[in-house]
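To start, the structure itself, in structure tokens.
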Amino acid sequence: MRIVLSLLALFVVGALQAQPNPVKWTFSAKKIADKQYEVEMKAVIIPGWHLYSQQQPEDAIAIPTEFILNQNPLLILKGKIREVGKMERFKDAILGITAHQYSGQVSFLQTVELMSMAALIFLYQMPHH
């Protein structure tokens, strides 16, 4: 019996590790005005998966998507991160909870102002996956 349970545990762990990351991220920046850029953090979500909105209803148990942006004296963040995509308002009738989520793809946009042209190096060194 122990051997069967051990093999089953190995199979389950292996299956969980073999699953692909359900979200592929790409990052870009485009100039929108003198010393102002719009940074895009785009998520492409595989079918059957969802990415939660940054804002959730009060009855949600979903963990909202969160971005932690390091302070940089060469950049000023302008406003909050905006979401661009088709938000779905999911309602689970059995549990009585709701969630705001995205399927397919969603872009998160942050406007930044450069305090120095040296900040351009920072913008274009963002990871591009």
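Residue names in the structure tokens use chain letters A, B, ... in the order shown, residue numbers from 1 in each chain, and ligand numbers from 1 in the order shown.
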
Check: Leaving out A:Lys42 and any residue of its chain fewer than 6 positions from it, which residues lie within 6 Å of it when counting only C-alpha atoms, given as a PyMOL selection string?
Finding: chain A and resi 25-26+106-107

Could those selected residues go to a file with N, CA, C and O atoms, as a short mmCIF file (atom, residue, chain, number, x, y, z; two decimals), in the first residue's frame?
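In the end it all went to again.cif:
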```
data_model
loop_
_atom_site.label_atom_id
_atom_site.label_comp_id
_atom_site.auth_asym_id
_atom_site.auth_seq_id
_atom_site.Cartn_x
_atom_site.Cartn_y
_atom_site.Cartn_z
N TRP A 25 3.88 36.90 -20.01
CA TRP A 25 3.98 38.36 -19.88
C TRP A 25 4.93 38.93 -20.91
O TRP A 25 5.98 38.34 -21.19
N THR A 26 4.57 40.08 -21.47
CA THR A 26 5.49 40.87 -22.30
C THR A 26 5.44 42.30 -21.77
O THR A 26 4.43 42.74 -21.20
N VAL A 106 -4.99 40.69 -21.31
CA VAL A 106 -5.26 41.97 -20.67
C VAL A 106 -3.94 42.74 -20.63
O VAL A 106 -2.87 42.16 -20.49
N SER A 107 -4.04 44.05 -20.77
CA SER A 107 -2.86 44.91 -20.65
C SER A 107 -3.01 45.80 -19.43
O SER A 107 -4.10 46.30 -19.15
#
```

Counting only C-alpha atoms, which residues of stretch 28-50 of chain A sit at most 12 Å from some atom of stretch 75-83 of chain A, and what is each one's closest atom pair with its distance in Å to one decimal, listed by chain and rising residue number, as a tab-separated table?
```
residue	atom	partner	partner_atom	distance
A:Lys35	CA	A:Leu75	CA	9.7
A:Gln36	CA	A:Lys78	CA	9.2
A:Tyr37	CA	A:Lys78	CA	9.8
A:Glu38	CA	A:Lys78	CA	9.6
A:Val39	CA	A:Ile81	CA	9.4
A:Glu40	CA	A:Ile81	CA	9.5
A:Met41	CA	A:Glu83	CA	9.6
A:Lys42	CA	A:Glu83	CA	9.7
A:Ala43	CA	A:Glu83	CA	10.8
```

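The residue that comes closest to A:Val44, out of A:Gly104, A:Ile68, A:Asp92, A:Thr98 and on the basis of only C-alpha atoms, is A:Gly104.
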